[in-house]
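Read through the structure below, which is laid out as structure tokens, and then see the notes.
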Amino acid sequence: MKDAQPKVEHVERRLHPRSAQRWARAILVIVLAAVISCAKQPGQRPGKAKPAELDLAAQEQDSEQSVEPFESTFRAGPVGPTSEQLPIASDDPRWGDPNAPVTIVYFTDFQCPFCSRAHVTVNQLKSNYGPDKLRIITKHNPLPFHQDALPAAMAAQAVYELRGVDAFDRYVESLFASQSALTDENLLAFARAVGVSDRELIRHVREPRLRDKIERDKALAERIGARGTPAFRINGKTLAGAQPYQSFADMIDAELAAVAQLRGAPADQVYPKRVAENFTAPADEGRPEPEPDTAVYKVPVGKSPNHGPATALVTIVEFTDFECPYCRRVQSTLEQLDARYPGKLRFVFKHNPLPFHAGAYGAATLAVEARAQRGDKGFEAAKKALFAASTPMERDDLLAIARELKLNPTRVAAALDKKLHDGVISADQDLASDLEARGTPHFFVNGRRLVGAQPLDQFQALVDEELAKAKAKVAAGTPAIRLYAETIKDGKGPAPPETKSIPKPGKAQPSRGNAWAPVVVTVFSDFQCPFCARLEPTLDELDKAFPGRLRIVWRNLPLPFHTNARPAAAAALEAFAQQGNKGFWAMHKLLFANQRALERTDLESYASQLGLDPTRFQQALDDGRHEAAITADESIAKGAGIQGTPGIVINGYFVSGAQPLTNFKKVVRLALDDLKRGRKVP
């Protein structure tokens with residue numbers, strides 16, 4: 001075979017996925033890695049990804065060997081009850097008690113950014129409700145326009161069948177954390193990290209049964225009308241999309257109450273009974289049309305880059321990310337739109353670099369710096385170059401683009417290294433968050449929401465509506481220069497942030513940072529909670545972002561289903577009693593680094609490592625001397641309505657869960673602004 005041939009075939013397969021071609025890649029994804037990784041894939045620079053180091057001869061020999069039958073290799077524990085409408089299969093990845101009163105069936109796509117967001121919420125539900133109340137069933141629905149979703153689904157399913165739910169959950173974390181890099185070699189690497197060898201994964205992915213499992217899940221999703229992702233069925237009730245945590249909690253609580261009324265019903269009959277009560281078949285075979293969002297939102301132009309006259313009848317505000325393939329795709333649509341309505345449109349650009357696009361923040365920084373050096377024309381040139389570049393974009397790539405644009409290299413390097421434009425980018429991200437513009441691209445047309453890389457006719461229809469309204473306003477006497485401001489002045493603004501009232505911390509609470517800091521970040525946490533562990537590096541980054549202005553205070557909220565969380569809390573408080581804040585945070589670090597090892601002997605080992613008095617430490621765990629402090633923290637949490645972990649109160653503003661750094665920065669900036677303006681928290 002000629003060298004050029006596999007390169008062309010592979011690129012075509014990724015750009016124009018067809019069912020047979022996609023299955024071919026999925027079945028042979030790992031074996032093909034070494035053959036085709038030398039070809040430049042779309043969105044990948046040559047030399048950045050090393051081919052998987054596999055012994056192809058050994059693979060081919062191994063492929064001829066018989067594979068152990070499914071029943072003998074796959075032991076995932078009892079399935080639990082099923083139902084005719086929403087069947088639970090023996091090979092479905094599942095978490096929780098088989099007879100838990102509430103079952104969530106979760107259709108997902110590992111390349112879908114909204115699934116990534118929903119995954120965080122699902123993890124929080126696991127933590128807050130526990131396995132006795134929830135059973136979570138994962139089903140695969142890789143969408144056809146996500147070329148890496150199908151191989152990722154097959155690899156994840158293989159990991160589940162080979163190593164069970166813990167390995168599956170860890171593998172899924174890696175997939176969602178690396179959505180822009182679901183390469184063949186990464187599928188292998190992530191599997192190795194959870195104890196699945198290259199050879200095992202290859203053999204399992206090749207099994208026709210695995211392909212059939214994915215097809216069954218997709219067919220079920222189609223049959224029940226769950227055509228998009230993420231899609232949930234909670235005891236048969238529909239919940240679509242990456243909804244807020246509270247939307248899930250409300251439905252779960254309602255189901256728990258309904259199940260409580262089924263007194264005397266056998267546990268294995270609860271799920272089929274509730275599904276029979278709740279399930280509604282799709283009304284027709286066609287895709288249901290979502291209700292149009294006719295609301296007008298207050299989306300300020302501010303000082304953002306813009307293209308088109310200030311007197312334009314229609315203003316289109318775009319929130320975008322330079323590494324988002326859909327943002328890149330929609331640019332040609334916007335150019336066509338501009339050509340169809342000459343002089344009538346103004347395009348305003350807002351930054352929203354998503355956290356799972358590693359180079360997106362740096363790219364946004366370069367674009368802002370280009371505008372600082374060369375005005376709006378410099379920004380437009382940078383925007384065009386960044387969307388044309390391969391991704392992910394690293395520092396050297398960005399500096400190369402800056403040289404092509406003839407920008408001052410010293411100023412660009414300083415902007416990248418010192419994050420000099422963090423204020424501009426963060427302000428745009430805060431606005432996106434306020435407007436619930438979570439994904440990219442996200443548009444507001446004269447304040448009207450339009451989500452995603454929609455086709456030209458979708459934009460045209462909305463523009464035509466807004467043009468008619470704008471012409472009527474101008475005819476009625478509104479000056480064109482004031483048109484946009486008048487259009488959005490009564491628009492919907494952000495919902496006020498949730499607030500909590502808690503006592504001020506004293507010397508009895510472990511803390512770090514400036515004791516007189518203007519912003520107090522109180523963290524209600526649990527040493528056995530995986531989401532609390534995930535929050536810790538975010539808090540470190542938050543502290544760096546606001547040097548000297550934060551005091552981070554710890555309060556214990558050990559959840560009842562984390563059996564080792566309470567003794568761990570007592571161990572940390574004893575370290576505090578013996579060595580002060582230094583001892584507490586040292587123990588805190590050990591406990592979170594070893595969440596799977598929090599038994600009594602483990603705690604004593606950590607105390608020894610820190611040089612704590614062993615007799616005092618053992619007595620503290622035995623006599624419960626820190627129980628009053630733990631109970632006091634729990635009472636404060638209960639009084640404030642904080643039920644799950646982590647729960648964070650920042651000068652009275654509440655943040656629930658291990659949210660992205662940008663969300664915490666936004667709240668800290670709000671708290672600082674309150675102090676500056678003498679404003680009290682509502």
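Chain labels run A, B, ... following the order of the structure tokens; each chain numbers its residues from 1, and ligands are numbered from 1 in the order shown.
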Pull the closest atom pair for each residue of segment 334-404 of chain A that gets at most 12 Å from segment 661-664 of chain A, along with the distance in Å to one decimal, counting only C-alpha atoms, ordering rows by chain and then ascending residue number, as a tab-separated table.
residue	atom	partner	partner_atom	distance
A:Asn352	CA	A:Thr662	CA	10.3
A:Pro353	CA	A:Thr662	CA	10.3
A:Leu354	CA	A:Thr662	CA	9.8
A:Pro355	CA	A:Leu661	CA	8.9
A:Tyr361	CA	A:Thr662	CA	11.6
Only C-alpha atoms, please: the residues just picked out, written as a short mmCIF file (atom, residue, chain, number, x, y, z; two decimals), in the first residue's frame.
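Output saved as selection04.cif:
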data_model
loop_
_atom_site.label_atom_id
_atom_site.label_comp_id
_atom_site.auth_asym_id
_atom_site.auth_seq_id
_atom_site.Cartn_x
_atom_site.Cartn_y
_atom_site.Cartn_z
CA ASN A 352 -15.65 31.94 26.25
CA PRO A 353 -12.66 29.55 26.18
CA LEU A 354 -13.94 26.23 27.52
CA PRO A 355 -11.89 24.49 30.23
CA TYR A 361 -7.45 30.49 26.84
#
Selection: 10 Å around Phe592 of chain A, only C-alpha atoms, excl. self and same-chain fewer than 4 positions, as a VMD selection string: chain A and resid 526 to 530 532 to 534 536 568 587 to 588 596 to 598
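Residues surrounding Met393 of chain A within 9 Å are Glu323, Ala358, Gly359, Ala360, Gly362, Ala363, Leu386, Ala389, Ser390, Asp396, Asp397 and Leu398 of chain A [only C-alpha atoms; sequence separation below 3 positions excluded].
One distance worth recording is that between atom CA of Val102 of chain A and atom CA of His562 of chain A, which is 19.5 Å.
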Name all residues at most 10 Å from Pro93 of chain A (count only C-alpha atoms; drop same-chain ones fewer than 2 positions away) and give them as an mmCIF file with all heavy atoms, in the first residue's frame.
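As a result, result-v2.cif now contains:
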data_model
loop_
_atom_site.group_PDB
_atom_site.id
_atom_site.type_symbol
_atom_site.label_atom_id
_atom_site.label_comp_id
_atom_site.auth_asym_id
_atom_site.auth_seq_id
_atom_site.Cartn_x
_atom_site.Cartn_y
_atom_site.Cartn_z
ATOM 1 N N ALA A 76 -19.883 -8.294 36.816
ATOM 2 C CA ALA A 76 -20.153 -6.947 37.309
ATOM 3 C C ALA A 76 -21.187 -6.919 38.418
ATOM 4 O O ALA A 76 -21.689 -5.881 38.778
ATOM 5 C CB ALA A 76 -20.625 -6.059 36.162
ATOM 6 N N VAL A 79 -27.684 -7.361 38.430
ATOM 7 C CA VAL A 79 -28.202 -6.307 37.561
ATOM 8 C C VAL A 79 -29.269 -5.490 38.257
ATOM 9 O O VAL A 79 -29.292 -4.262 38.161
ATOM 10 C CB VAL A 79 -28.767 -6.918 36.258
ATOM 11 C CG1 VAL A 79 -29.347 -5.838 35.372
ATOM 12 C CG2 VAL A 79 -27.706 -7.699 35.541
ATOM 13 N N ILE A 88 -32.892 -2.765 31.509
ATOM 14 C CA ILE A 88 -31.531 -2.713 32.029
ATOM 15 C C ILE A 88 -30.860 -4.015 31.626
ATOM 16 O O ILE A 88 -31.330 -5.096 31.971
ATOM 17 C CB ILE A 88 -31.509 -2.557 33.562
ATOM 18 C CG1 ILE A 88 -32.416 -1.408 33.999
ATOM 19 C CG2 ILE A 88 -30.080 -2.372 34.057
ATOM 20 C CD1 ILE A 88 -32.063 -0.069 33.405
ATOM 21 N N ALA A 89 -29.774 -3.927 30.878
ATOM 22 C CA ALA A 89 -29.093 -5.120 30.363
ATOM 23 C C ALA A 89 -27.952 -5.531 31.287
ATOM 24 O O ALA A 89 -27.425 -4.722 32.054
ATOM 25 C CB ALA A 89 -28.551 -4.848 28.962
ATOM 26 N N SER A 90 -27.554 -6.791 31.181
ATOM 27 C CA SER A 90 -26.494 -7.314 32.045
ATOM 28 C C SER A 90 -25.148 -6.669 31.761
ATOM 29 O O SER A 90 -24.263 -6.680 32.615
ATOM 30 C CB SER A 90 -26.383 -8.832 31.863
ATOM 31 O OG SER A 90 -26.065 -9.141 30.513
ATOM 32 N N ASP A 91 -24.974 -6.095 30.565
ATOM 33 C CA ASP A 91 -23.686 -5.468 30.243
ATOM 34 C C ASP A 91 -23.738 -3.944 30.336
ATOM 35 O O ASP A 91 -22.822 -3.269 29.884
ATOM 36 C CB ASP A 91 -23.214 -5.896 28.854
ATOM 37 C CG ASP A 91 -24.258 -5.683 27.759
ATOM 38 O OD1 ASP A 91 -25.383 -5.280 28.095
ATOM 39 O OD2 ASP A 91 -23.938 -5.928 26.578
ATOM 40 N N TRP A 95 -23.919 1.695 38.565
ATOM 41 C CA TRP A 95 -23.401 2.111 39.864
ATOM 42 C C TRP A 95 -24.556 2.143 40.844
ATOM 43 O O TRP A 95 -25.659 2.544 40.494
ATOM 44 C CB TRP A 95 -22.786 3.508 39.736
ATOM 45 C CG TRP A 95 -22.281 4.101 41.024
ATOM 46 C CD1 TRP A 95 -21.019 4.029 41.517
ATOM 47 C CD2 TRP A 95 -23.040 4.863 41.974
ATOM 48 N NE1 TRP A 95 -20.938 4.692 42.725
ATOM 49 C CE2 TRP A 95 -22.159 5.228 43.029
ATOM 50 C CE3 TRP A 95 -24.365 5.284 42.043
ATOM 51 C CZ2 TRP A 95 -22.569 5.969 44.125
ATOM 52 C CZ3 TRP A 95 -24.786 6.023 43.137
ATOM 53 C CH2 TRP A 95 -23.895 6.358 44.165
ATOM 54 N N ILE A 136 -27.445 4.090 39.003
ATOM 55 C CA ILE A 136 -27.204 4.858 37.780
ATOM 56 C C ILE A 136 -26.728 3.907 36.690
ATOM 57 O O ILE A 136 -25.726 3.207 36.853
ATOM 58 C CB ILE A 136 -26.188 5.986 38.029
ATOM 59 C CG1 ILE A 136 -26.774 6.991 39.034
ATOM 60 C CG2 ILE A 136 -25.833 6.689 36.726
ATOM 61 C CD1 ILE A 136 -25.861 8.120 39.399
ATOM 62 N N ILE A 137 -27.461 3.895 35.596
ATOM 63 C CA ILE A 137 -27.184 3.015 34.458
ATOM 64 C C ILE A 137 -26.690 3.876 33.296
ATOM 65 O O ILE A 137 -27.374 4.813 32.881
ATOM 66 C CB ILE A 137 -28.456 2.252 34.019
ATOM 67 C CG1 ILE A 137 -29.086 1.518 35.216
ATOM 68 C CG2 ILE A 137 -28.138 1.304 32.878
ATOM 69 C CD1 ILE A 137 -28.245 0.442 35.835
ATOM 70 N N THR A 138 -25.503 3.565 32.786
ATOM 71 C CA THR A 138 -24.959 4.307 31.649
ATOM 72 C C THR A 138 -25.238 3.556 30.356
ATOM 73 O O THR A 138 -24.965 2.359 30.259
ATOM 74 C CB THR A 138 -23.440 4.507 31.798
ATOM 75 O OG1 THR A 138 -23.179 5.196 33.016
ATOM 76 C CG2 THR A 138 -22.885 5.322 30.631
ATOM 77 N N LYS A 139 -25.792 4.259 29.385
ATOM 78 C CA LYS A 139 -25.983 3.704 28.048
ATOM 79 C C LYS A 139 -25.319 4.634 27.041
ATOM 80 O O LYS A 139 -25.267 5.848 27.240
ATOM 81 C CB LYS A 139 -27.465 3.521 27.735
ATOM 82 C CG LYS A 139 -28.113 2.384 28.567
ATOM 83 C CD LYS A 139 -29.541 2.146 28.182
ATOM 84 C CE LYS A 139 -30.174 1.037 29.024
ATOM 85 N NZ LYS A 139 -29.731 -0.314 28.618
ATOM 86 N N HIS A 140 -24.823 4.051 25.975
ATOM 87 C CA HIS A 140 -24.035 4.800 24.995
ATOM 88 C C HIS A 140 -24.920 5.306 23.859
ATOM 89 O O HIS A 140 -25.753 4.585 23.333
ATOM 90 C CB HIS A 140 -22.941 3.904 24.407
ATOM 91 C CG HIS A 140 -22.044 3.295 25.443
ATOM 92 N ND1 HIS A 140 -21.042 3.995 26.065
ATOM 93 C CD2 HIS A 140 -22.004 2.047 25.972
ATOM 94 C CE1 HIS A 140 -20.415 3.212 26.922
ATOM 95 N NE2 HIS A 140 -20.987 2.031 26.889
ATOM 96 N N ALA A 156 -14.524 2.438 26.430
ATOM 97 C CA ALA A 156 -15.056 2.550 27.793
ATOM 98 C C ALA A 156 -15.848 1.304 28.176
ATOM 99 O O ALA A 156 -15.725 0.789 29.300
ATOM 100 C CB ALA A 156 -15.932 3.795 27.907
ATOM 101 N N GLN A 157 -16.662 0.817 27.252
ATOM 102 C CA GLN A 157 -17.428 -0.397 27.529
ATOM 103 C C GLN A 157 -16.498 -1.581 27.772
ATOM 104 O O GLN A 157 -16.724 -2.400 28.666
ATOM 105 C CB GLN A 157 -18.373 -0.689 26.358
ATOM 106 C CG GLN A 157 -19.252 -1.915 26.547
ATOM 107 C CD GLN A 157 -20.256 -1.756 27.676
ATOM 108 O OE1 GLN A 157 -20.657 -0.647 28.006
ATOM 109 N NE2 GLN A 157 -20.667 -2.859 28.280
ATOM 110 N N VAL A 159 -13.466 -1.454 28.987
ATOM 111 C CA VAL A 159 -12.873 -1.272 30.321
ATOM 112 C C VAL A 159 -13.846 -1.733 31.394
ATOM 113 O O VAL A 159 -13.460 -2.410 32.354
ATOM 114 C CB VAL A 159 -12.469 0.202 30.531
ATOM 115 C CG1 VAL A 159 -12.169 0.476 31.999
ATOM 116 C CG2 VAL A 159 -11.258 0.553 29.677
ATOM 117 N N TYR A 160 -15.115 -1.386 31.234
ATOM 118 C CA TYR A 160 -16.115 -1.807 32.229
ATOM 119 C C TYR A 160 -16.186 -3.325 32.324
ATOM 120 O O TYR A 160 -16.188 -3.898 33.416
ATOM 121 C CB TYR A 160 -17.483 -1.240 31.863
ATOM 122 C CG TYR A 160 -18.584 -1.729 32.787
ATOM 123 C CD1 TYR A 160 -18.643 -1.298 34.101
ATOM 124 C CD2 TYR A 160 -19.541 -2.637 32.342
ATOM 125 C CE1 TYR A 160 -19.638 -1.750 34.958
ATOM 126 C CE2 TYR A 160 -20.536 -3.091 33.188
ATOM 127 C CZ TYR A 160 -20.579 -2.651 34.507
ATOM 128 O OH TYR A 160 -21.557 -3.114 35.347
ATOM 129 N N GLU A 161 -16.238 -3.970 31.183
ATOM 130 C CA GLU A 161 -16.392 -5.416 31.190
ATOM 131 C C GLU A 161 -15.135 -6.123 31.694
ATOM 132 O O GLU A 161 -15.214 -7.221 32.250
ATOM 133 C CB GLU A 161 -16.771 -5.894 29.790
ATOM 134 C CG GLU A 161 -18.118 -5.333 29.343
ATOM 135 C CD GLU A 161 -18.591 -5.885 28.010
ATOM 136 O OE1 GLU A 161 -17.912 -6.801 27.476
ATOM 137 O OE2 GLU A 161 -19.625 -5.415 27.507
ATOM 138 N N GLY A 164 -14.665 -3.628 35.692
ATOM 139 C CA GLY A 164 -15.746 -3.246 36.564
ATOM 140 C C GLY A 164 -15.981 -1.748 36.653
ATOM 141 O O GLY A 164 -15.356 -0.940 35.975
ATOM 142 N N VAL A 165 -16.878 -1.374 37.573
ATOM 143 C CA VAL A 165 -17.394 -0.010 37.596
ATOM 144 C C VAL A 165 -16.366 1.013 38.063
ATOM 145 O O VAL A 165 -16.344 2.149 37.566
ATOM 146 C CB VAL A 165 -18.676 0.066 38.462
ATOM 147 C CG1 VAL A 165 -18.376 -0.160 39.934
ATOM 148 C CG2 VAL A 165 -19.381 1.406 38.264
ATOM 149 N N PHE A 168 -14.188 1.745 35.164
ATOM 150 C CA PHE A 168 -15.003 2.446 34.167
ATOM 151 C C PHE A 168 -15.164 3.915 34.539
ATOM 152 O O PHE A 168 -14.980 4.814 33.707
ATOM 153 C CB PHE A 168 -16.366 1.771 34.049
ATOM 154 C CG PHE A 168 -17.352 2.491 33.160
ATOM 155 C CD1 PHE A 168 -17.295 2.373 31.784
ATOM 156 C CD2 PHE A 168 -18.337 3.293 33.721
ATOM 157 C CE1 PHE A 168 -18.199 3.043 30.966
ATOM 158 C CE2 PHE A 168 -19.250 3.959 32.916
ATOM 159 C CZ PHE A 168 -19.177 3.829 31.539
ATOM 160 N N ASP A 169 -15.491 4.180 35.810
ATOM 161 C CA ASP A 169 -15.685 5.567 36.245
ATOM 162 C C ASP A 169 -14.406 6.381 36.075
ATOM 163 O O ASP A 169 -14.447 7.540 35.631
ATOM 164 C CB ASP A 169 -16.132 5.603 37.706
ATOM 165 C CG ASP A 169 -17.583 5.194 37.882
ATOM 166 O OD1 ASP A 169 -18.302 5.142 36.863
ATOM 167 O OD2 ASP A 169 -18.004 4.923 39.024
#
Expected answer as a ChimeraX atom specification: alpha helix (DSSP H) residues in segment 247-396 of chain A: /A:247-260,267-278,325-340,360-388,395-396
Between atom CA of Asn408 of chain A and atom CA of Pro325 of chain A, what is the spacing in Å? 28.3 Å
Polymer residues at most 6 Å from segment 420-434 of chain A, only C-alpha atoms, same-chain spacing of 2 or more positions, as an NGL selection string: :A and (350-352 or 415 or 418 or 436-437 or 494)
Go ahead and save the residues from that selection, with N, CA, C and O atoms, as a PDB file, in the first residue's frame.
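Writing done, so here's part_27.pdb:
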ATOM      1  N   LYS A 350     -17.355  37.876  21.744  1.00  0.00           N
ATOM      2  CA  LYS A 350     -17.085  37.678  23.176  1.00  0.00           C
ATOM      3  C   LYS A 350     -16.342  36.357  23.359  1.00  0.00           C
ATOM      4  O   LYS A 350     -16.631  35.367  22.685  1.00  0.00           O
ATOM      5  N   HIS A 351     -15.401  36.356  24.293  1.00  0.00           N
ATOM      6  CA  HIS A 351     -14.583  35.164  24.539  1.00  0.00           C
ATOM      7  C   HIS A 351     -15.249  34.235  25.558  1.00  0.00           C
ATOM      8  O   HIS A 351     -15.733  34.679  26.598  1.00  0.00           O
ATOM      9  N   ASN A 352     -15.232  32.943  25.266  1.00  0.00           N
ATOM     10  CA  ASN A 352     -15.653  31.942  26.249  1.00  0.00           C
ATOM     11  C   ASN A 352     -14.826  30.672  26.065  1.00  0.00           C
ATOM     12  O   ASN A 352     -15.350  29.623  25.681  1.00  0.00           O
ATOM     13  N   ALA A 415       1.983  38.853  27.625  1.00  0.00           N
ATOM     14  CA  ALA A 415       0.531  38.680  27.776  1.00  0.00           C
ATOM     15  C   ALA A 415       0.179  37.226  28.056  1.00  0.00           C
ATOM     16  O   ALA A 415      -0.686  36.923  28.898  1.00  0.00           O
ATOM     17  N   LYS A 418       1.949  36.114  31.695  1.00  0.00           N
ATOM     18  CA  LYS A 418       1.454  36.805  32.891  1.00  0.00           C
ATOM     19  C   LYS A 418      -0.068  36.941  32.904  1.00  0.00           C
ATOM     20  O   LYS A 418      -0.627  37.558  33.812  1.00  0.00           O
ATOM     21  N   GLU A 436     -26.337  32.023  30.893  1.00  0.00           N
ATOM     22  CA  GLU A 436     -26.429  30.574  30.708  1.00  0.00           C
ATOM     23  C   GLU A 436     -26.038  30.175  29.292  1.00  0.00           C
ATOM     24  O   GLU A 436     -26.600  29.253  28.689  1.00  0.00           O
ATOM     25  N   ALA A 437     -25.044  30.891  28.752  1.00  0.00           N
ATOM     26  CA  ALA A 437     -24.483  30.547  27.439  1.00  0.00           C
ATOM     27  C   ALA A 437     -23.318  29.604  27.686  1.00  0.00           C
ATOM     28  O   ALA A 437     -22.158  29.987  27.604  1.00  0.00           O
ATOM     29  N   PRO A 494     -29.155  38.413  34.468  1.00  0.00           N
ATOM     30  CA  PRO A 494     -28.810  37.203  35.211  1.00  0.00           C
ATOM     31  C   PRO A 494     -29.647  37.055  36.476  1.00  0.00           C
ATOM     32  O   PRO A 494     -30.043  38.047  37.097  1.00  0.00           O
TER      33      PRO A 494
END
